[in-house]
>>> print(open('model31.txt').read())   # compact mmCIF, C-alpha atoms and all ligand atoms
# COMPACT_ATOMS: atom_id res chain seq x y z
CA MET H 1211 56.22 91.47 3.55
CA LYS H 1212 53.45 93.80 4.78
CA VAL H 1213 50.09 92.06 4.71
CA TYR H 1214 46.52 92.49 5.91
CA ALA H 1215 45.09 90.14 8.58
CA LEU H 1216 41.46 89.30 7.80
CA VAL H 1217 38.70 87.57 9.74
CA GLU H 1218 35.22 86.74 8.53
CA ALA H 1219 33.57 85.80 11.82
CA GLY H 1220 30.39 83.84 11.22
CA GLY H 1221 28.06 81.83 13.40
CA THR H 1222 29.24 78.49 11.98
CA LYS H 1223 32.78 79.29 10.83
CA PHE H 1224 35.58 81.79 11.20
CA VAL H 1225 37.52 82.31 7.99
CA CYS H 1226 40.96 83.73 8.70
CA ALA H 1227 43.05 84.99 5.81
CA VAL H 1228 45.97 87.13 4.83
CA ALA H 1229 46.10 89.41 1.80
CA ASP H 1230 48.98 91.35 0.34
CA GLU H 1231 48.74 95.06 -0.37
CA GLN H 1232 47.73 94.27 -3.96
CA ASN H 1233 44.57 92.72 -2.43
CA GLN H 1234 45.57 89.13 -3.32
CA LEU H 1235 44.69 86.45 -0.76
CA ILE H 1236 47.83 84.50 0.08
CA ALA H 1237 46.68 82.25 2.96
CA THR H 1238 43.28 81.14 4.23
CA GLU H 1239 42.08 78.91 7.06
CA ARG H 1240 38.58 77.93 8.13
CA ILE H 1241 37.92 77.43 11.83
CA GLU H 1242 34.70 75.96 13.11
CA THR H 1243 32.96 78.47 15.42
CA GLN H 1244 32.82 76.87 18.86
CA ASP H 1245 33.08 78.47 22.28
CA PRO H 1246 34.91 81.82 22.17
CA LEU H 1247 38.15 80.67 23.83
CA PRO H 1248 39.17 77.85 21.43
CA THR H 1249 37.85 79.72 18.39
CA LEU H 1250 39.74 82.94 19.09
CA SER H 1251 42.87 81.00 20.15
CA ALA H 1252 42.88 79.15 16.82
CA ALA H 1253 42.55 82.43 14.93
CA ARG H 1254 45.39 84.02 16.92
CA GLU H 1255 47.58 80.99 16.30
CA PHE H 1256 47.02 81.24 12.53
CA PHE H 1257 48.21 84.86 12.49
CA ALA H 1258 51.06 84.21 14.95
CA ASN H 1259 52.41 81.46 12.65
CA LEU H 1260 52.37 83.88 9.71
CA ALA H 1261 54.15 86.52 11.79
CA SER H 1262 56.86 84.03 12.71
CA ASP H 1263 57.25 83.29 8.97
CA GLY H 1264 58.28 86.92 8.50
CA HIS H 1265 54.99 88.60 7.61
CA SER H 1266 54.22 91.88 9.33
CA PHE H 1267 50.70 93.24 9.47
CA ALA H 1268 49.85 96.64 8.00
CA ALA H 1269 46.28 96.46 9.36
CA GLY H 1270 43.49 94.05 10.28
CA GLY H 1271 39.91 93.74 9.07
CA ILE H 1272 37.09 91.92 10.86
CA ALA H 1273 33.67 91.27 9.33
CA SER H 1274 31.67 89.85 12.22
CA PHE H 1275 28.30 88.39 13.01
CA GLY H 1276 26.23 90.70 15.20
CA PRO H 1277 24.89 92.30 17.13
CA ILE H 1278 28.17 94.03 17.87
CA ASP H 1279 29.01 97.41 19.41
CA LEU H 1280 30.52 99.58 16.66
CA ASP H 1281 30.60 102.86 18.58
CA ALA H 1282 34.34 103.58 18.87
CA ALA H 1283 33.67 105.84 21.87
CA SER H 1284 31.80 103.13 23.77
CA PRO H 1285 33.46 101.16 26.61
CA THR H 1286 32.07 97.99 25.02
CA TYR H 1287 33.36 98.77 21.49
CA GLY H 1288 34.06 95.58 19.58
CA GLN H 1289 32.02 93.38 21.88
CA ILE H 1290 29.34 90.97 20.69
CA ARG H 1291 26.12 92.10 22.33
CA ARG H 1292 23.26 89.95 23.59
CA THR H 1293 23.24 86.87 21.36
CA PRO H 1294 21.73 83.41 21.60
CA LYS H 1295 25.18 81.95 20.72
CA PRO H 1296 26.34 80.39 24.01
CA GLY H 1297 29.26 82.21 25.62
CA TRP H 1298 29.69 84.91 22.97
CA SER H 1299 27.79 87.78 24.62
CA GLY H 1300 30.33 90.38 25.83
CA ILE H 1301 33.27 88.88 23.91
CA ASP H 1302 35.53 91.42 22.15
CA ILE H 1303 35.82 90.04 18.63
CA ARG H 1304 39.09 91.95 18.12
CA ALA H 1305 40.74 89.34 20.35
CA ALA H 1306 41.02 87.27 17.15
CA LEU H 1307 43.76 89.69 16.04
CA PRO H 1308 46.06 90.43 18.99
CA SER H 1309 48.61 93.24 18.73
CA ILE H 1310 47.57 94.24 15.23
CA THR H 1311 46.64 97.89 14.67
CA PRO H 1312 44.75 99.53 13.19
CA ILE H 1313 41.73 97.22 12.91
CA GLY H 1314 38.74 97.94 10.68
CA LEU H 1315 35.63 96.38 12.20
CA ASP H 1316 32.06 96.09 10.96
CA THR H 1317 29.24 93.59 10.62
CA ASP H 1318 29.53 90.80 8.07
CA VAL H 1319 26.62 92.32 6.15
CA ASN H 1320 28.06 95.85 6.04
CA ALA H 1321 31.47 94.46 5.07
CA ALA H 1322 29.98 92.39 2.26
CA GLY H 1323 28.07 95.45 1.07
CA LEU H 1324 31.27 97.47 1.10
CA ALA H 1325 33.07 94.82 -0.96
CA GLU H 1326 30.22 94.71 -3.50
CA ALA H 1327 30.26 98.51 -3.68
CA LEU H 1328 34.02 98.69 -4.22
CA TRP H 1329 34.65 95.65 -6.40
CA GLY H 1330 31.35 93.96 -7.28
CA ALA H 1331 27.85 94.74 -8.50
CA GLY H 1332 27.90 98.23 -6.96
CA VAL H 1333 30.82 99.53 -9.02
CA GLY H 1334 29.87 102.82 -10.71
CA HIS H 1335 27.05 103.54 -8.25
CA ALA H 1336 27.42 106.21 -5.54
CA THR H 1337 24.80 104.84 -3.14
CA VAL H 1338 24.58 101.08 -2.87
CA ALA H 1339 22.08 99.06 -0.82
CA TYR H 1340 23.19 95.47 -0.20
CA ALA H 1341 20.76 92.99 1.35
CA THR H 1342 21.39 89.40 2.31
CA ILE H 1343 18.49 87.00 2.70
CA GLY H 1344 19.70 83.79 4.28
CA THR H 1345 19.82 82.44 7.83
CA GLY H 1346 18.89 86.00 8.79
CA ILE H 1347 18.18 89.16 6.85
CA GLY H 1348 20.56 92.12 6.93
CA VAL H 1349 21.16 95.27 4.93
CA GLY H 1350 24.20 97.50 4.53
CA ILE H 1351 24.09 100.93 2.89
CA VAL H 1352 27.31 102.23 1.32
CA ARG H 1353 27.75 105.82 0.16
CA ASP H 1354 30.86 106.73 -1.88
CA GLY H 1355 32.78 103.75 -0.51
CA VAL H 1356 31.85 104.32 3.15
CA VAL H 1357 29.33 102.26 5.12
CA LEU H 1358 26.50 104.39 6.47
CA ALA H 1359 26.62 104.11 10.26
CA GLY H 1360 24.57 105.51 13.08
CA ALA H 1361 25.11 105.08 16.81
CA THR H 1362 25.67 101.45 15.89
CA HIS H 1363 24.80 99.23 12.91
CA SER H 1364 21.26 99.32 11.58
CA GLU H 1365 18.84 96.38 11.87
CA ILE H 1366 16.86 96.80 8.69
CA GLY H 1367 16.16 93.06 8.54
CA HIS H 1368 13.74 93.48 11.43
CA ILE H 1369 11.49 96.13 9.87
CA PRO H 1370 7.76 95.47 10.13
CA VAL H 1371 6.07 94.35 6.92
CA LYS H 1372 2.44 93.93 5.86
CA ARG H 1373 1.22 90.34 6.17
CA ASP H 1374 -2.00 89.01 4.62
CA ARG H 1375 -3.05 86.68 7.43
CA ILE H 1376 -5.29 84.62 5.13
CA ALA H 1377 -2.66 84.05 2.44
CA ASP H 1378 0.07 83.66 5.04
CA PRO H 1379 -1.14 82.51 8.46
CA PHE H 1380 2.47 81.76 9.55
CA GLU H 1381 3.14 83.85 12.67
CA GLY H 1382 6.84 84.36 11.95
CA CYS H 1383 9.91 83.00 13.71
CA CYS H 1384 11.73 86.10 15.02
CA PRO H 1385 12.20 85.50 18.77
CA TYR H 1386 11.86 89.25 19.37
CA HIS H 1387 9.14 90.41 16.94
CA GLY H 1388 7.43 87.31 15.51
CA ASP H 1389 6.36 88.46 12.06
CA CYS H 1390 8.96 91.13 11.26
CA LEU H 1391 10.63 90.84 7.83
CA GLU H 1392 13.28 88.41 9.07
CA GLY H 1393 10.69 86.42 11.01
CA LEU H 1394 8.68 85.91 7.83
CA ALA H 1395 11.24 85.75 5.02
CA CYS H 1396 14.59 84.39 6.25
CA GLY H 1397 15.61 80.86 5.25
CA PRO H 1398 14.56 79.24 8.56
CA ALA H 1399 11.13 80.97 8.32
CA ILE H 1400 10.54 79.44 4.89
CA LYS H 1401 11.56 76.01 6.11
CA LYS H 1402 9.43 76.26 9.25
CA ARG H 1403 6.39 77.41 7.26
CA TRP H 1404 6.57 74.96 4.34
CA GLY H 1405 8.81 72.15 5.64
CA LEU H 1406 11.33 72.66 2.81
CA ASP H 1407 13.80 75.25 1.53
CA LEU H 1408 12.41 77.48 -1.23
CA LEU H 1409 14.80 75.84 -3.69
CA LEU H 1410 13.14 72.46 -3.13
CA LEU H 1411 9.53 73.62 -3.56
CA PRO H 1412 7.81 73.21 -6.98
CA PRO H 1413 7.92 76.34 -9.20
CA HIS H 1414 4.23 77.28 -8.87
CA HIS H 1415 4.09 76.87 -5.11
CA PRO H 1416 2.49 79.87 -3.34
CA ALA H 1417 5.69 80.26 -1.29
CA PHE H 1418 7.33 82.08 -4.21
CA ASP H 1419 4.76 84.89 -4.37
CA ILE H 1420 4.65 85.24 -0.59
CA GLN H 1421 8.45 85.42 -0.39
CA ALA H 1422 8.77 87.81 -3.34
CA ASN H 1423 6.19 90.13 -1.81
CA TYR H 1424 8.05 90.38 1.50
CA ILE H 1425 11.42 91.06 -0.17
CA ALA H 1426 9.73 93.59 -2.47
CA GLN H 1427 8.45 95.36 0.66
CA LEU H 1428 12.07 95.54 1.82
CA CYS H 1429 13.18 96.94 -1.55
CA VAL H 1430 10.44 99.58 -1.49
CA SER H 1431 11.45 100.61 2.05
CA LEU H 1432 15.09 100.90 0.93
CA ILE H 1433 14.10 102.98 -2.11
CA TYR H 1434 11.99 105.35 -0.02
CA SER H 1435 14.56 105.60 2.78
CA PHE H 1436 17.87 105.86 0.92
CA ALA H 1437 17.11 106.36 -2.80
CA PRO H 1438 19.99 104.01 -3.68
CA HIS H 1439 21.41 103.89 -7.19
CA VAL H 1440 21.32 100.09 -7.07
CA ILE H 1441 20.04 97.35 -4.74
CA ILE H 1442 22.04 94.12 -4.54
CA LEU H 1443 20.15 91.08 -3.26
CA GLY H 1444 22.34 88.22 -2.00
CA GLY H 1445 22.25 85.35 0.49
CA GLY H 1446 21.27 81.70 0.24
CA VAL H 1447 17.54 82.24 -0.32
CA MET H 1448 18.25 84.49 -3.32
CA GLN H 1449 19.93 81.58 -5.11
CA THR H 1450 16.43 80.22 -5.85
CA PRO H 1451 15.85 80.43 -9.63
CA GLY H 1452 13.08 82.83 -10.62
CA LEU H 1453 12.84 84.56 -7.25
CA LEU H 1454 14.67 87.75 -8.25
CA SER H 1455 12.43 88.38 -11.28
CA LYS H 1456 9.33 87.91 -9.11
CA ILE H 1457 10.73 90.41 -6.58
CA ARG H 1458 11.25 92.94 -9.41
CA HIS H 1459 7.63 92.43 -10.48
CA TYR H 1460 6.25 92.97 -6.96
CA THR H 1461 8.51 95.96 -6.33
CA VAL H 1462 7.24 97.72 -9.48
CA ARG H 1463 3.69 96.98 -8.38
CA LEU H 1464 4.20 98.26 -4.81
CA LEU H 1465 5.90 101.46 -5.96
CA GLY H 1466 2.91 102.34 -8.12
CA ASN H 1467 3.64 105.37 -10.23
CA TYR H 1468 5.17 107.31 -7.37
CA TRP H 1469 8.35 109.13 -8.38
CA THR H 1470 11.41 107.47 -6.79
CA ALA H 1471 15.03 106.61 -7.47
CA ALA H 1472 13.72 103.56 -9.34
CA SER H 1473 11.20 105.37 -11.55
CA HIS H 1474 13.38 105.45 -14.66
CA GLN H 1475 14.54 101.85 -14.17
CA GLY H 1476 11.77 100.12 -16.14
CA ASP H 1477 11.41 96.49 -15.12
CA LEU H 1478 14.24 96.92 -12.54
CA ARG H 1479 16.45 94.39 -14.36
CA ASN H 1480 19.47 96.65 -13.84
CA TYR H 1481 18.33 98.01 -10.50
CA LEU H 1482 17.60 94.93 -8.37
CA VAL H 1483 20.64 92.79 -9.11
CA PRO H 1484 22.48 89.74 -7.75
CA PRO H 1485 25.92 90.07 -6.10
CA ALA H 1486 29.01 89.84 -8.31
CA LEU H 1487 31.50 88.49 -5.72
CA ASP H 1488 31.54 84.93 -4.45
CA ASN H 1489 33.49 85.70 -1.26
CA SER H 1490 32.19 89.11 -0.37
CA GLY H 1491 32.56 88.48 3.40
CA LEU H 1492 36.33 88.04 3.22
CA ARG H 1493 36.61 90.75 0.56
CA GLY H 1494 34.69 92.97 2.96
CA ALA H 1495 37.20 92.31 5.73
CA LEU H 1496 39.92 93.29 3.25
CA ALA H 1497 38.11 96.52 2.41
CA LEU H 1498 37.81 97.29 6.15
CA ALA H 1499 41.52 96.63 6.69
CA ALA H 1500 42.56 98.81 3.75
CA ALA H 1501 40.26 101.63 4.94
CA ALA H 1502 41.66 101.38 8.48
CA LYS H 1503 45.21 101.58 7.16
CA ALA H 1504 44.33 104.57 5.00
CA ARG H 1505 42.82 106.35 8.02
CA TYR H 1506 45.10 105.35 10.87
CA GLY H 1507 47.96 103.28 9.55
CA ILE H 1508 51.64 104.02 9.26
CA SER H 1509 53.00 103.16 5.84
ZN ZN H 1601 12.67 90.62 14.25
>>> encode(input="model31.txt", output="structure tokens")
Amino acid sequence: MKVYALVEAGGTKFVCAVADEQNQLIATERIETQDPLPTLSAAREFFANLASDGHSFAAGGIASFGPIDLDAASPTYGQIRRTPKPGWSGIDIRAALPSITPIGLDTDVNAAGLAEALWGAGVGHATVAYATIGTGIGVGIVRDGVVLAGATHSEIGHIPVKRDRIADPFEGCCPYHGDCLEGLACGPAIKKRWGLDLLLLPPHHPAFDIQANYIAQLCVSLIYSFAPHVIILGGGVMQTPGLLSKIRHYTVRLLGNYWTAASHQGDLRNYLVPPALDNSGLRGALALAAAAKARYGIS
């Protein structure tokens, strides 16, 4: 049977899976992310066992942690770039899928955004912005089912934001920029600033307004930059009850009455929305594999 080989390569786990051409997952394995050699060997072994069971691969899809070189013309295409993860800098992530072609490759964030655009909360919208606010902050922009790409992936999570130094004296935790958006509003920043995850703080704690303001600044930047038809806000931090409605409130306030893609969206209830998929990373790898097959594959 022709199947897709899928890898969701994360900093703590690799999820390897196989899907049939009706997009149904038929096998999944989680591998703890260790040094590159044992991790990639375990992934290869998973797919080799399936091949020896009679499966043949129509295409592969990899949704990977970054930074990663996505310029197909670059000699370092597919390689993880400078990363604090020991041993991973310079590793070609496609080594998880040996002898499978074609391979669709993108960041985990872009892949998740693609999956939400195709099958989740972005269905029916031409331009979809997907943001994840968790261990880090990342954004993928999808236009008509294709991830918007430049010379490489964007790094919207590191945009500068306005910080009220009296209300928020925390200097930020980004090792490169200090108080960029990620340095102020990712999960580890919240924990470092307040000692607890947002979910564990009492409902009227000032952390909620500070956090909502930073994410609203992100939303406003996305609206001004891309005029998306919808913005999907996912990631662990966004699971905090009440946070999304506060972000809508601050976004309306920051936009003022300026005319934007969000102007006719009222209280933004249908414009700033949660994700609809619970495994958008793996679904994203599937979308990448299917797109690669459509572009380069032999049926
Ligand atoms: Zn930064």
>>> residues_near_ligand(input="model31.txt", ligand="ligand ZN 1601 (chain H)", cutoff="12 Å", atoms="all atoms listed in the file", output="ChimeraX atom specification")
/H:1346-1348,1365-1371,1381-1396,1399
>>> residues_around(input="model31.txt", residues="H:Val1483", least_positions_apart="3", cutoff="8 Å", atoms="all atoms listed in the file", output="short mmCIF file (atom, residue, chain, number, x, y, z; two decimals) with C-alpha atoms, in the frame of the given file")
data_model
loop_
_atom_site.label_atom_id
_atom_site.label_comp_id
_atom_site.auth_asym_id
_atom_site.auth_seq_id
_atom_site.Cartn_x
_atom_site.Cartn_y
_atom_site.Cartn_z
CA ALA H 1331 27.85 94.74 -8.50
CA VAL H 1440 21.32 100.09 -7.07
CA ILE H 1441 20.04 97.35 -4.74
CA ILE H 1442 22.04 94.12 -4.54
CA LEU H 1443 20.15 91.08 -3.26
CA LEU H 1454 14.67 87.75 -8.25
CA ARG H 1479 16.45 94.39 -14.36
CA ASN H 1480 19.47 96.65 -13.84
#
>>> residues_around(input="model31.txt", residues="H:Asn1489", least_positions_apart="6", cutoff="12 Å", atoms="all atoms listed in the file", output="JSON, numbers by chain")
{"H": [1218, 1225, 1227, 1235, 1273, 1318, 1321, 1322, 1323, 1325, 1326, 1329, 1330, 1444, 1445, 1495, 1496]}
>>> write_last_selection(input="model31.txt", atoms="C-alpha atoms", output="PDB file, in the frame of the given file")
ATOM      1  CA  GLU H1218      35.220  86.740   8.530  1.00  0.00           C
ATOM      2  CA  VAL H1225      37.520  82.310   7.990  1.00  0.00           C
ATOM      3  CA  ALA H1227      43.050  84.990   5.810  1.00  0.00           C
ATOM      4  CA  LEU H1235      44.690  86.450  -0.760  1.00  0.00           C
ATOM      5  CA  ALA H1273      33.670  91.270   9.330  1.00  0.00           C
ATOM      6  CA  ASP H1318      29.530  90.800   8.070  1.00  0.00           C
ATOM      7  CA  ALA H1321      31.470  94.460   5.070  1.00  0.00           C
ATOM      8  CA  ALA H1322      29.980  92.390   2.260  1.00  0.00           C
ATOM      9  CA  GLY H1323      28.070  95.450   1.070  1.00  0.00           C
ATOM     10  CA  ALA H1325      33.070  94.820  -0.960  1.00  0.00           C
ATOM     11  CA  GLU H1326      30.220  94.710  -3.500  1.00  0.00           C
ATOM     12  CA  TRP H1329      34.650  95.650  -6.400  1.00  0.00           C
ATOM     13  CA  GLY H1330      31.350  93.960  -7.280  1.00  0.00           C
ATOM     14  CA  GLY H1444      22.340  88.220  -2.000  1.00  0.00           C
ATOM     15  CA  GLY H1445      22.250  85.350   0.490  1.00  0.00           C
ATOM     16  CA  ALA H1495      37.200  92.310   5.730  1.00  0.00           C
ATOM     17  CA  LEU H1496      39.920  93.290   3.250  1.00  0.00           C
TER      18      LEU H1496
END
>>> closest_residue(input="model31.txt", among="H:Pro1485, H:Gly1446, H:Gly1264, H:Pro1246", to="H:Ser1299", atoms="all atoms listed in the file")
H:Pro1246
>>> atom_distance(input="model31.txt", atom1="atom CA of H:Asp1281", atom2="atom CA of H:Val1319")
16.8 Å
>>> residues_around(input="model31.txt", residues="H:Leu1328", least_positions_apart="5", cutoff="10 Å", atoms="all atoms listed in the file", output="PyMOL selection string")
chain H and resi 1322-1323+1333-1335+1338+1352+1354-1356+1493-1494+1497
>>> residues_around(input="model31.txt", residues="H:Lys1212", least_positions_apart="3", cutoff="10 Å", atoms="all atoms listed in the file", output="PDB file with C-alpha atoms, in the coordinates of the input")
ATOM      1  CA  ALA H1215      45.090  90.140   8.580  1.00  0.00           C
ATOM      2  CA  ALA H1229      46.100  89.410   1.800  1.00  0.00           C
ATOM      3  CA  ASP H1230      48.980  91.350   0.340  1.00  0.00           C
ATOM      4  CA  GLU H1231      48.740  95.060  -0.370  1.00  0.00           C
ATOM      5  CA  GLY H1264      58.280  86.920   8.500  1.00  0.00           C
ATOM      6  CA  HIS H1265      54.990  88.600   7.610  1.00  0.00           C
ATOM      7  CA  SER H1266      54.220  91.880   9.330  1.00  0.00           C
ATOM      8  CA  PHE H1267      50.700  93.240   9.470  1.00  0.00           C
ATOM      9  CA  ALA H1268      49.850  96.640   8.000  1.00  0.00           C
ATOM     10  CA  ALA H1269      46.280  96.460   9.360  1.00  0.00           C
ATOM     11  CA  SER H1509      53.000 103.160   5.840  1.00  0.00           C
TER      12      SER H1509
END
>>> axis_aligned_box(input="model31.txt", around="stretch 1312-1321 of chain H", padding_each_side="3 Å", output="lines of an AutoDock Vina configuration file")
center_x = 35.7
center_y = 95.2
center_z = 9.1
size_x = 24.1
size_y = 14.7
size_z = 14.1
>>> residues_around(input="model31.txt", residues="H:Gly1360", least_positions_apart="4", cutoff="12 Å", atoms="all atoms listed in the file", output="PyMOL selection string")
chain H and resi 1279-1282+1350-1351+1364-1365
>>> closest_atom_pairs(input="model31.txt", of="stretch 1241-1357 of chain H", to="stretch 1409-1431 of chain H", cutoff="12 Å", atoms="all atoms listed in the file", output="Markdown table")
| residue | atom | partner | partner_atom | distance |
| --- | --- | --- | --- | --- |
| H:Ala1339 | CA | H:Cys1429 | CA | 9.2 |
| H:Tyr1340 | CA | H:Cys1429 | CA | 10.2 |
| H:Ala1341 | CA | H:Cys1429 | CA | 9.0 |
| H:Thr1342 | CA | H:Ile1425 | CA | 10.4 |
| H:Ile1343 | CA | H:Ile1425 | CA | 8.6 |
| H:Gly1344 | CA | H:Ile1425 | CA | 11.9 |
| H:Ile1347 | CA | H:Ile1425 | CA | 9.9 |
| H:Gly1348 | CA | H:Leu1428 | CA | 10.5 |
| H:Val1349 | CA | H:Leu1428 | CA | 9.6 |
>>> closest_residue(input="model31.txt", among="H:Ala1253, H:Val1228, H:Val1357, H:Leu1487", to="H:Leu1315", atoms="all atoms listed in the file")
H:Val1357
>>> residues_near_point(input="model31.txt", point="(33.9, 97.1, 19.8)", cutoff="10 Å", atoms="only C-alpha atoms", output="NGL selection string")
:H and (1278-1291 or 1300-1304 or 1315-1316)
>>> atom_distance(input="model31.txt", atom1="atom CA of H:Met1211", atom2="atom CA of H:Phe1275")
29.6 Å
>>> residues_near_point(input="model31.txt", point="(41.9, 98.5, 14.1)", cutoff="9 Å", atoms="only C-alpha atoms", output="list in words")
Ala1269, Gly1270, Gly1271, Ile1272, Arg1304, Ile1310, Thr1311, Pro1312, Ile1313, Gly1314, Leu1315, Ala1499, Ala1502, Lys1503, Tyr1506 and Gly1507 of chain H
>>> atom_distance(input="model31.txt", atom1="atom CA of H:Gln1232", atom2="atom CA of H:Ser1274")
23.2 Å
>>> closest_residue(input="model31.txt", among="H:Leu1307, H:Ala1437, H:Leu1482, H:Leu1464", to="H:Ala1261", atoms="all atoms listed in the file")
H:Leu1307
>>> build_atoms(input="model31.txt", residues="stretch 1464-1482 of chain H", atoms="N, CA, C and O atoms", output="mmCIF file, in the coordinates of the input")
data_model
loop_
_atom_site.group_PDB
_atom_site.id
_atom_site.type_symbol
_atom_site.label_atom_id
_atom_site.label_comp_id
_atom_site.auth_asym_id
_atom_site.auth_seq_id
_atom_site.Cartn_x
_atom_site.Cartn_y
_atom_site.Cartn_z
ATOM 1 N N LEU H 1464 4.340 97.545 -6.089
ATOM 2 C CA LEU H 1464 4.200 98.260 -4.810
ATOM 3 C C LEU H 1464 4.562 99.742 -4.924
ATOM 4 O O LEU H 1464 4.008 100.574 -4.209
ATOM 5 N N LEU H 1465 5.504 100.062 -5.801
ATOM 6 C CA LEU H 1465 5.900 101.460 -5.960
ATOM 7 C C LEU H 1465 4.799 102.285 -6.623
ATOM 8 O O LEU H 1465 4.741 103.504 -6.458
ATOM 9 N N GLY H 1466 3.933 101.603 -7.378
ATOM 10 C CA GLY H 1466 2.910 102.340 -8.120
ATOM 11 C C GLY H 1466 3.593 103.278 -9.104
ATOM 12 O O GLY H 1466 4.669 102.987 -9.624
ATOM 13 N N ASN H 1467 3.008 104.405 -9.325
ATOM 14 C CA ASN H 1467 3.640 105.370 -10.230
ATOM 15 C C ASN H 1467 4.319 106.486 -9.463
ATOM 16 O O ASN H 1467 4.627 107.522 -10.033
ATOM 17 N N TYR H 1468 4.538 106.278 -8.184
ATOM 18 C CA TYR H 1468 5.170 107.310 -7.370
ATOM 19 C C TYR H 1468 6.594 107.549 -7.873
ATOM 20 O O TYR H 1468 7.292 106.600 -8.230
ATOM 21 N N TRP H 1469 7.035 108.804 -7.841
ATOM 22 C CA TRP H 1469 8.350 109.130 -8.380
ATOM 23 C C TRP H 1469 9.434 108.798 -7.354
ATOM 24 O O TRP H 1469 9.432 109.338 -6.243
ATOM 25 N N THR H 1470 10.341 107.904 -7.713
ATOM 26 C CA THR H 1470 11.410 107.470 -6.790
ATOM 27 C C THR H 1470 12.712 107.299 -7.572
ATOM 28 O O THR H 1470 12.750 107.483 -8.793
ATOM 29 N N ALA H 1471 13.735 106.897 -6.844
ATOM 30 C CA ALA H 1471 15.030 106.610 -7.470
ATOM 31 C C ALA H 1471 14.925 105.497 -8.504
ATOM 32 O O ALA H 1471 15.788 105.361 -9.369
ATOM 33 N N ALA H 1472 13.861 104.693 -8.420
ATOM 34 C CA ALA H 1472 13.720 103.560 -9.340
ATOM 35 C C ALA H 1472 12.792 103.861 -10.510
ATOM 36 O O ALA H 1472 12.592 103.014 -11.378
ATOM 37 N N SER H 1473 12.242 105.077 -10.565
ATOM 38 C CA SER H 1473 11.200 105.370 -11.550
ATOM 39 C C SER H 1473 11.659 105.216 -12.998
ATOM 40 O O SER H 1473 10.886 104.827 -13.852
ATOM 41 N N HIS H 1474 12.910 105.541 -13.272
ATOM 42 C CA HIS H 1474 13.380 105.450 -14.660
ATOM 43 C C HIS H 1474 14.073 104.110 -14.926
ATOM 44 O O HIS H 1474 14.788 103.963 -15.888
ATOM 45 N N GLN H 1475 13.828 103.136 -14.056
ATOM 46 C CA GLN H 1475 14.540 101.850 -14.170
ATOM 47 C C GLN H 1475 13.704 100.753 -14.832
ATOM 48 O O GLN H 1475 14.102 99.587 -14.817
ATOM 49 N N GLY H 1476 12.573 101.095 -15.380
ATOM 50 C CA GLY H 1476 11.770 100.120 -16.140
ATOM 51 C C GLY H 1476 11.406 98.903 -15.307
ATOM 52 O O GLY H 1476 10.813 99.023 -14.233
ATOM 53 N N ASP H 1477 11.782 97.736 -15.814
ATOM 54 C CA ASP H 1477 11.410 96.490 -15.120
ATOM 55 C C ASP H 1477 12.398 96.133 -13.996
ATOM 56 O O ASP H 1477 12.336 95.035 -13.443
ATOM 57 N N LEU H 1478 13.276 97.031 -13.654
ATOM 58 C CA LEU H 1478 14.240 96.920 -12.540
ATOM 59 C C LEU H 1478 15.332 95.865 -12.784
ATOM 60 O O LEU H 1478 16.052 95.475 -11.863
ATOM 61 N N ARG H 1479 15.446 95.418 -14.024
ATOM 62 C CA ARG H 1479 16.450 94.390 -14.360
ATOM 63 C C ARG H 1479 17.864 94.840 -13.990
ATOM 64 O O ARG H 1479 18.678 94.046 -13.553
ATOM 65 N N ASN H 1480 18.135 96.127 -14.162
ATOM 66 C CA ASN H 1480 19.470 96.650 -13.840
ATOM 67 C C ASN H 1480 19.509 97.383 -12.516
ATOM 68 O O ASN H 1480 20.499 98.038 -12.191
ATOM 69 N N TYR H 1481 18.426 97.278 -11.768
ATOM 70 C CA TYR H 1481 18.330 98.010 -10.500
ATOM 71 C C TYR H 1481 18.321 97.067 -9.302
ATOM 72 O O TYR H 1481 18.976 97.309 -8.297
ATOM 73 N N LEU H 1482 17.561 95.991 -9.392
ATOM 74 C CA LEU H 1482 17.600 94.930 -8.370
ATOM 75 C C LEU H 1482 18.449 93.813 -8.959
ATOM 76 O O LEU H 1482 18.021 93.115 -9.873
#
